[in-house]
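Engineer: Handing you a structure now.
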Amino acid sequence: MSQNKEYDFVITLRHPNYKIYNIITTLMCVLTIAAEIYALLNTMFFTYNWINVVLMAVIVINFVLSITANQKESIITFKWALYAAAFLWLLYPLHLPWIAVLLIVAALLERQIKFPQEIGFSKDAITFNTFPFKNYSWQDVKNAILKDNMLTLDFKSNKIIQKETESDVPAQTEREFNEFCKQQIASSPQPATHGS
């Protein structure tokens, strides 16, 4: 959430399954290591450099650490493996800078894709930490409720957002949140209606 704004409540949403992203990232890194080994063997190690070996080791270590972290139910990130793979494509014997650029973009996008999804609730607005940030005014909201770890936002435009929370919300916090939302909706200025 925004660092310079105070929120009365911040709801962290359950993260989606990142399996497809993890498979694609794994394939990109494995193909990079395979291409590097093939290139080194074909050049008879004439362009062999210790930095190539170090970068391949970074990829392998990042994968081992990520798999270990996955067993603790945290989100797997392959950022450092992607950066190391990008540098391998910049160096000889591979030296294909356009592939390196694609891998750097993938590393930057992974951070955004796997960033924890949060919704901040303040007296002014409801803010989603997506890129770019989305703000909704309370006067646009018909109902907002948190029940059984399910957040439901019902907008006057007939749009409904339902999201599951990342962890169990205590009953007391749930009651406080629902009361807060009810107060904000009741006190928000209503759009003016024009008579004929």
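Labels used: A, B, ... for chains in the order of the structure tokens, numbers from 1 for residues in each chain, and numbers from 1 for ligands as shown.
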Could you pull out all residues of chain A with a DSSP call of strand (DSSP E) and give them as number ranges by chain?
Structural biologist: A: 9-12, 118-121, 125-128, 134-137, 141-147, 150-155, 160-164
Engineer: Write to file, as a short mmCIF file (atom, residue, chain, number, x, y, z; two decimals), in the first residue's frame, the residues of the selection just made, with N, CA and C atoms.
Structural biologist:
data_model
loop_
_atom_site.label_atom_id
_atom_site.label_comp_id
_atom_site.auth_asym_id
_atom_site.auth_seq_id
_atom_site.Cartn_x
_atom_site.Cartn_y
_atom_site.Cartn_z
N PHE A 9 -8.11 0.23 7.77
CA PHE A 9 -8.04 -1.22 7.63
C PHE A 9 -7.29 -1.56 6.35
N VAL A 10 -6.47 -2.59 6.41
CA VAL A 10 -5.80 -3.11 5.20
C VAL A 10 -6.10 -4.60 5.15
N ILE A 11 -6.75 -5.03 4.07
CA ILE A 11 -7.11 -6.43 3.88
C ILE A 11 -6.13 -7.04 2.88
N THR A 12 -5.44 -8.09 3.29
CA THR A 12 -4.54 -8.81 2.38
C THR A 12 -5.32 -9.97 1.77
N GLU A 118 -3.41 -6.16 -1.77
CA GLU A 118 -4.02 -5.57 -0.59
C GLU A 118 -5.05 -4.53 -0.99
N ILE A 119 -6.03 -4.35 -0.11
CA ILE A 119 -7.03 -3.31 -0.29
C ILE A 119 -7.02 -2.48 0.98
N GLY A 120 -6.78 -1.18 0.83
CA GLY A 120 -6.76 -0.27 1.97
C GLY A 120 -8.09 0.47 2.09
N PHE A 121 -8.60 0.54 3.30
CA PHE A 121 -9.87 1.22 3.56
C PHE A 121 -9.59 2.41 4.48
N ALA A 125 -11.49 6.83 0.96
CA ALA A 125 -11.67 5.96 -0.22
C ALA A 125 -11.25 4.53 0.08
N ILE A 126 -11.49 3.68 -0.92
CA ILE A 126 -11.03 2.29 -0.92
C ILE A 126 -9.95 2.22 -1.99
N THR A 127 -8.76 1.73 -1.63
CA THR A 127 -7.62 1.73 -2.54
C THR A 127 -7.10 0.31 -2.76
N PHE A 128 -6.99 -0.07 -4.03
CA PHE A 128 -6.39 -1.36 -4.42
C PHE A 128 -4.94 -1.10 -4.80
N LYS A 134 -5.86 1.69 -7.86
CA LYS A 134 -7.27 1.96 -8.15
C LYS A 134 -7.90 2.52 -6.88
N ASN A 135 -8.58 3.64 -7.02
CA ASN A 135 -9.28 4.25 -5.90
C ASN A 135 -10.77 4.28 -6.19
N TYR A 136 -11.55 3.95 -5.17
CA TYR A 136 -13.01 4.03 -5.28
C TYR A 136 -13.52 4.90 -4.14
N SER A 137 -14.40 5.82 -4.47
CA SER A 137 -15.01 6.68 -3.47
C SER A 137 -16.10 5.90 -2.73
N VAL A 141 -20.04 3.10 -3.46
CA VAL A 141 -20.23 1.79 -2.86
C VAL A 141 -21.63 1.67 -2.26
N LYS A 142 -22.30 0.57 -2.61
CA LYS A 142 -23.62 0.28 -2.05
C LYS A 142 -23.49 -0.51 -0.75
N ASN A 143 -22.52 -1.45 -0.72
CA ASN A 143 -22.32 -2.28 0.45
C ASN A 143 -20.90 -2.84 0.45
N ALA A 144 -20.32 -2.96 1.64
CA ALA A 144 -19.01 -3.57 1.80
C ALA A 144 -19.06 -4.42 3.06
N ILE A 145 -18.73 -5.69 2.93
CA ILE A 145 -18.85 -6.60 4.07
C ILE A 145 -17.74 -7.64 4.04
N LEU A 146 -17.27 -7.98 5.24
CA LEU A 146 -16.29 -9.04 5.40
C LEU A 146 -16.94 -10.11 6.26
N LYS A 147 -17.10 -11.32 5.68
CA LYS A 147 -17.77 -12.40 6.40
C LYS A 147 -17.14 -13.72 6.01
N MET A 150 -14.31 -13.74 3.53
CA MET A 150 -14.66 -13.34 2.17
C MET A 150 -15.04 -11.86 2.18
N LEU A 151 -14.31 -11.07 1.41
CA LEU A 151 -14.59 -9.64 1.29
C LEU A 151 -15.49 -9.43 0.08
N THR A 152 -16.61 -8.74 0.29
CA THR A 152 -17.53 -8.44 -0.81
C THR A 152 -17.72 -6.93 -0.89
N LEU A 153 -17.46 -6.39 -2.08
CA LEU A 153 -17.71 -4.98 -2.35
C LEU A 153 -18.78 -4.89 -3.43
N ASP A 154 -19.88 -4.28 -3.07
CA ASP A 154 -21.02 -4.13 -4.00
C ASP A 154 -21.11 -2.66 -4.37
N PHE A 155 -20.89 -2.36 -5.65
CA PHE A 155 -20.89 -0.97 -6.12
C PHE A 155 -22.25 -0.59 -6.69
N ILE A 160 -19.62 -6.07 -8.73
CA ILE A 160 -19.38 -6.75 -7.45
C ILE A 160 -17.98 -7.35 -7.47
N ILE A 161 -17.23 -7.11 -6.40
CA ILE A 161 -15.90 -7.70 -6.24
C ILE A 161 -15.95 -8.59 -5.01
N GLN A 162 -15.60 -9.86 -5.19
CA GLN A 162 -15.53 -10.81 -4.08
C GLN A 162 -14.14 -11.42 -4.06
N LYS A 163 -13.47 -11.29 -2.92
CA LYS A 163 -12.11 -11.81 -2.78
C LYS A 163 -11.97 -12.49 -1.43
N GLU A 164 -11.20 -13.58 -1.42
CA GLU A 164 -10.93 -14.29 -0.19
C GLU A 164 -9.70 -13.68 0.48
#
Engineer: What's the 10 Å shell around Pro16 of chain A, counting only C-alpha atoms, without same-chain residues fewer than 3 positions away, as a list in words?
Structural biologist: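 The filter keeps Leu13, Lys19, Ile113, Lys114, Pro116 and Gln117 of chain A.
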Engineer: Just to be explicit: take each residue in the selection above, keep all heavy atoms, and write the result as a short mmCIF file (atom, residue, chain, number, x, y, z; two decimals), in the first residue's frame.
Structural biologist:
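Output (part_5.cif):
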data_model
loop_
_atom_site.label_atom_id
_atom_site.label_comp_id
_atom_site.auth_asym_id
_atom_site.auth_seq_id
_atom_site.Cartn_x
_atom_site.Cartn_y
_atom_site.Cartn_z
N LEU A 13 -5.33 -10.02 0.44
CA LEU A 13 -6.11 -11.02 -0.27
C LEU A 13 -5.29 -12.28 -0.50
O LEU A 13 -4.06 -12.24 -0.58
CB LEU A 13 -6.57 -10.46 -1.62
CG LEU A 13 -7.34 -9.15 -1.56
CD1 LEU A 13 -7.67 -8.68 -2.97
CD2 LEU A 13 -8.61 -9.29 -0.74
N LYS A 19 1.41 -21.09 -10.54
CA LYS A 19 2.05 -22.27 -11.14
C LYS A 19 2.50 -22.01 -12.58
O LYS A 19 3.62 -22.36 -12.94
CB LYS A 19 1.07 -23.44 -11.09
CG LYS A 19 1.66 -24.75 -11.52
CD LYS A 19 0.68 -25.89 -11.33
CE LYS A 19 1.32 -27.21 -11.73
NZ LYS A 19 0.40 -28.33 -11.55
N ILE A 113 3.68 -9.10 -10.52
CA ILE A 113 2.67 -10.16 -10.55
C ILE A 113 2.52 -10.81 -9.18
O ILE A 113 1.41 -11.10 -8.74
CB ILE A 113 3.03 -11.22 -11.62
CG1 ILE A 113 2.84 -10.64 -13.02
CG2 ILE A 113 2.19 -12.47 -11.45
CD1 ILE A 113 3.44 -11.49 -14.12
N LYS A 114 3.63 -11.04 -8.49
CA LYS A 114 3.60 -11.76 -7.22
C LYS A 114 3.55 -10.85 -5.99
O LYS A 114 3.65 -11.32 -4.88
CB LYS A 114 4.80 -12.70 -7.13
CG LYS A 114 4.74 -13.81 -8.16
CD LYS A 114 5.89 -14.76 -8.02
CE LYS A 114 5.78 -15.90 -9.02
NZ LYS A 114 6.90 -16.85 -8.92
N PRO A 116 2.03 -8.94 -2.99
CA PRO A 116 0.81 -9.24 -2.23
C PRO A 116 -0.32 -8.27 -2.56
O PRO A 116 -0.11 -7.05 -2.57
CB PRO A 116 1.24 -9.08 -0.76
CG PRO A 116 2.72 -9.17 -0.78
CD PRO A 116 3.18 -8.70 -2.13
N GLN A 117 -1.49 -8.79 -2.85
CA GLN A 117 -2.64 -7.95 -3.19
C GLN A 117 -3.31 -7.47 -1.91
O GLN A 117 -3.70 -8.29 -1.07
CB GLN A 117 -3.62 -8.72 -4.05
CG GLN A 117 -3.05 -9.12 -5.39
CD GLN A 117 -4.05 -9.92 -6.22
OE1 GLN A 117 -5.05 -10.40 -5.72
NE2 GLN A 117 -3.75 -10.05 -7.49
#
Engineer: May I have the residues within 12 Å of Asn22 of chain A as a PyMOL selection string, using only C-alpha atoms and disregarding those fewer than 2 positions away in the same chain?
Structural biologist: chain A and resi 17-20+24-29+63+66-67+70+75-79+81-82+106-107+110+113-114
Engineer: I want to know what sits within 12 Å of Val105 of chain A, based on only C-alpha atoms, with residues of the same chain fewer than 3 positions away left out; could you give that as a list of chain:residue names?
Structural biologist: A:Thr25, A:Lys79, A:Leu82, A:Tyr83, A:Ala85, A:Ala86, A:Trp98, A:Ile99, A:Ala100, A:Val101, A:Leu102, A:Leu108, A:Leu109, A:Glu110, A:Arg111, A:Gln112
Engineer: Taking C-alpha atoms for each residue, export the selection above as a tab-separated table (two decimals), in the first residue's frame.
Structural biologist:
chain	number	residue	atom	x	y	z
A	25	THR	CA	10.33	-19.01	-15.44
A	79	LYS	CA	14.03	-12.79	-9.64
A	82	LEU	CA	16.20	-14.40	-14.13
A	83	TYR	CA	18.76	-11.62	-13.67
A	85	ALA	CA	20.16	-15.76	-16.85
A	86	ALA	CA	19.94	-12.31	-18.47
A	98	TRP	CA	17.61	-9.09	-26.97
A	99	ILE	CA	17.04	-12.31	-25.00
A	100	ALA	CA	18.74	-10.67	-22.01
A	101	VAL	CA	16.30	-7.76	-22.26
A	102	LEU	CA	13.34	-10.19	-22.30
A	108	LEU	CA	10.63	-6.98	-13.25
A	109	LEU	CA	7.15	-8.28	-14.13
A	110	GLU	CA	7.45	-11.18	-11.72
A	111	ARG	CA	7.78	-8.75	-8.81
A	112	GLN	CA	4.61	-6.96	-9.88
Engineer: Could you tell me which of A:Asp168, A:Asp124, A:Asp8, A:Glu36 comes closest to Asn49 of chain A if we count only C-alpha atoms?
Structural biologist: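 For Asn49 of chain A, the nearest of the given residues is A:Glu36.
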Engineer: Among segment 127-192 of chain A, which ones does DSSP place in alpha helix (DSSP H), written as a list in words?
Structural biologist: Ala171, Gln172, Thr173, Glu174, Arg175, Glu176, Phe177, Asn178, Glu179, Phe180, Cys181, Lys182, Gln183, Gln184, Ile185, Ala186 and Ser187 of chain A
Engineer: Can you measure atom CA of Thr165 of chain A to atom CA of Tyr21 of chain A for me? One decimal in Å is fine.
Structural biologist: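 Atom-to-atom, atom CA of Thr165 of chain A and atom CA of Tyr21 of chain A are spaced 21.8 Å apart.
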Engineer: So the first atom is atom CA of Trp80 of chain A and the second is atom CA of Val58 of chain A; what is the distance between them in Å, to one decimal place?
Structural biologist: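 Result for atom CA of Trp80 of chain A versus atom CA of Val58 of chain A: 7.3 Å, one decimal.
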